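Some notes on the structure that comes next.
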Amino acid sequence: MSTHTHVQVIEEVRQARWLVALSAVMIGCGGFLLGVQIDAQGGASGTGLTPLAMGALVALAAWWMRRRAGSALPRDGTGLFGALAAYLGTSFLVAGVLVPGGPWMFAELVLLLVLLGRGARDVTRPAWLWWFVALLLFRLWITWQGSVHQWQVLSVPIPILSWIPLDFLEPVQSVSLGSFTPAELAFPPLGLDFRMTVAIWSAGFALCAGGTWMIQLALREHENDRIHERIHTLPAPLAQLIERILPESEWESLGLHGLSERELVLAIEQRVRERVDRQRSIVEEYRSLEPLRWTNPGGFQGSVQAALHALEEKQA
Amino acid sequence: MPPLRSKPRWLIQTLIALSCVLFAAALAVRMLTPGPARRAEDRELGSGPQVMEPMQFLSRGTRLRVAELDLHVRPELQAEWNAVRSQLFALRGCPRTIDWLDGADGQRCERLLQALRGGNRAEALAGLTLIFQVARASAWTAGLRGDARSAERLGGLLQEWLRTEGIAGTEDPVLSQPTLAAVLLYGRVMRVAWRAPVLGHVEAAQLRARQFLGELCGVTGRRTAIGLALELRFARAMQCFAGQGADGQDDVLLGFDEECELLFPGLRGGCEDA
């Protein structure tokens, strides 16, 4: 005989808390690494608070958009901590991929807000990840350019003019696109150790993106744990029946996530009632259909089939 | 019921506490301001010969202080040092570098340079002072005949000095600046050799310089201490050498030449600065 109560069982099988905590550590590590840069003499310095502030704004806008779309609110300590960690994760991620200052940063900011406004609201979706990767690559590219003292995104040689080996033509032999300054890149005065810095940022980005993605899954799972726990306050057979009527995979789409305890109970009652009523109406409608009428060919054969069916029903 | 495996509560709480610390650290680290440059010349001189303002021994006013180095040269080299120093600083008429080095005085000077290698920091500086004086008092420009030999020979002297003293010299408070100056002059001299012909270039001279400077500064891999110091002080030199100059990509020594012109304005190989 089991010595576990249902509360103990739920408590023990809950892995979401563990996942939330682990993801938060990943986000913290990633955020730390994304905030560091190494100068030419191997000294560490910070990447500045400006990009983090911009990241926090984008994360806030994303959270607001998701709220408007009916996303869940945290309802307990784990949920609240997870939501905070997810918010910080998004902030660190955006801060890590944005150019640290100047017109390029605002251009990227506008791009992110436009993407948010056009419906790509869940920043943990793969489409968003690709945008973040593209922005990170752009940042790494201009950081590389800056580390070799090239203060433009691209230098395009002008055909014919650039082929003439005359020094006085140099100013008109190429066109610089997208110039920037060391201050806009928040470079340390001693210059940047590109290799070390890129390694640190890449590791930070991977940890932060992984942690932010994992924590969203963990929070979803945590909400499912909470609903599961509420359903299992009912007697076990009834709870199992409820979980067959309302499968766990549908809880989020049914709007059960993020509801308060009272709202959750009412919502479960309502959904169960709706599903049972619909099931009952389907069965009744099916029974009233007299399926034999569709397949009865009529004539002599049909009369014999109808007589046999009537006899079968009488015996039943 | 089989025993259920779950993570202990204390572990989860520890992870949450750790993540809070990391969040705070991630915010705090962004406020870290970069530290000032740690330059070798700012370090304590420590043991060994004390030589103040070592760049004065490479400048036009060398003759005013060169006798100070007598105190630091080994006794067994003292006589040779005095003789060569006197001859070299009395040199007039701007002979071709290769002609002077092939003469008796030049050979004596080369032997002394060889003997001074591997000595203390003052002896290293004494050797470099002699090389710079050779560069000042003799002619190594290509001239109308496009003669690259003098420049190559002078480049050879600088290369030998840098090969033996350069790596350690960058970290030495006395030799750090002279070492960088030697690298710049080497770049200028080898560029003169490369550009010597009226038409075309002496590719071997540039290839040798590229190979040596690449090894010395670590351009292809991680930068060495000399590469970093050059980048900090003479960014244009490293920019051109890494092939990132806006100028023709072939002229990788252009940056060294430009920086050398700023540091030693008259040192162009025509005895203008003597």
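Each chain in the structure tokens gets a letter, A, B and so on, in the order shown; residues start at 1 in every chain, and ligands are counted from 1 in the order they appear.
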### Message
Neighbouring residues of Gly270 (chain B) were defined as those with any atom within 8 Å, considering only C-alpha atoms; residues of the same chain fewer than 4 positions away were excluded. Please report them as a list in words.
### Response
Cys94, Arg136, Ser138, Ala139, Trp140 and Thr141 of chain B
Selected residues written out, C-alpha atoms, as a PDB file, in the first residue's frame:
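Dumped to again-v4.pdb:
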ATOM      1  CA  CYS B  94      77.391  60.829 -44.850  1.00  0.00           C
ATOM      2  CA  ARG B 136      71.665  59.090 -38.585  1.00  0.00           C
ATOM      3  CA  SER B 138      75.152  57.253 -42.918  1.00  0.00           C
ATOM      4  CA  ALA B 139      72.987  57.225 -46.030  1.00  0.00           C
ATOM      5  CA  TRP B 140      70.593  54.383 -46.672  1.00  0.00           C
ATOM      6  CA  THR B 141      68.143  55.998 -49.078  1.00  0.00           C
TER       7      THR B 141
END
### Message
Residues near Arg108 (chain B), anyone? I mean within 9 Å using only C-alpha atoms, not counting same-chain ones fewer than 5 positions away, as number ranges by chain.
### Response
B: 80, 84, 101, 103, 113
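Nearest residue to Arg236 (chain B), choosing from A:Arg195, A:Arg244, A:His149, A:Arg226 and counting only C-alpha atoms: A:His149.
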### Query
Quick one: which residues from chain A are at most 6 Å off chain B, using only C-alpha atoms, as a VMD selection string?
chain A and resid 2 12 18 21 24 to 25 28 31 to 32 35 45 to 49 188
#### Entry: Shell of 9 Å around region 42-59 of chain B, only C-alpha atoms, local chain residues under 6 positions omitted, as a ChimeraX atom specification
/B:65-66,68-69,72,120-122,125-126,128-130,132-133,172-175,177-178,181,264
Include C-alpha atoms and write out the residues we just selected as a PDB file, in the first residue's frame.
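Okay, selection.pdb is ready:
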ATOM      1  CA  ARG B  65      74.123  61.814 -22.957  1.00  0.00           C
ATOM      2  CA  VAL B  66      75.765  58.861 -24.661  1.00  0.00           C
ATOM      3  CA  GLU B  68      76.413  58.058 -19.428  1.00  0.00           C
ATOM      4  CA  LEU B  69      76.253  54.565 -20.866  1.00  0.00           C
ATOM      5  CA  HIS B  72      76.938  50.442 -17.476  1.00  0.00           C
ATOM      6  CA  ASN B 120      72.011  44.072 -19.175  1.00  0.00           C
ATOM      7  CA  ARG B 121      69.369  46.602 -20.203  1.00  0.00           C
ATOM      8  CA  ALA B 122      71.878  49.454 -20.445  1.00  0.00           C
ATOM      9  CA  LEU B 125      70.255  50.376 -25.006  1.00  0.00           C
ATOM     10  CA  ALA B 126      73.894  51.105 -25.835  1.00  0.00           C
ATOM     11  CA  LEU B 128      70.487  50.356 -30.060  1.00  0.00           C
ATOM     12  CA  THR B 129      72.029  53.804 -29.610  1.00  0.00           C
ATOM     13  CA  LEU B 130      74.869  52.775 -31.903  1.00  0.00           C
ATOM     14  CA  PHE B 132      70.417  54.649 -34.451  1.00  0.00           C
ATOM     15  CA  GLN B 133      73.625  56.652 -34.804  1.00  0.00           C
ATOM     16  CA  ASP B 172      61.326  46.376 -19.404  1.00  0.00           C
ATOM     17  CA  PRO B 173      60.674  49.876 -18.009  1.00  0.00           C
ATOM     18  CA  VAL B 174      63.840  51.217 -19.636  1.00  0.00           C
ATOM     19  CA  LEU B 175      63.724  49.393 -22.971  1.00  0.00           C
ATOM     20  CA  GLN B 177      59.862  52.670 -25.599  1.00  0.00           C
ATOM     21  CA  PRO B 178      63.209  52.219 -27.381  1.00  0.00           C
ATOM     22  CA  ALA B 181      61.051  52.965 -31.716  1.00  0.00           C
ATOM     23  CA  PHE B 264      61.910  60.897 -35.688  1.00  0.00           C
TER      24      PHE B 264
END
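For the pair CA of Leu115 (chain A) and CA of Trp201 (chain A), the separation is 23.9 Å.
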### Task
Within 10 Å of Gln87 (chain B), counting only C-alpha atoms, which residues show up once you throw out same-chain ones fewer than 6 positions away? Write them as number ranges by chain, please.
B: 81, 105-106, 109
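Going from CA of Leu158 (chain B) over to CA of Trp100 (chain B), you cover 16.1 Å.
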### Query
Can you list, as a ChimeraX atom specification, every residue of region 86-247 of chain B that DSSP puts in alpha helix (DSSP H)?
/B:86-89,97-102,104-116,121-137,149-161,167-171,176-194,203-217,225-233,235-241
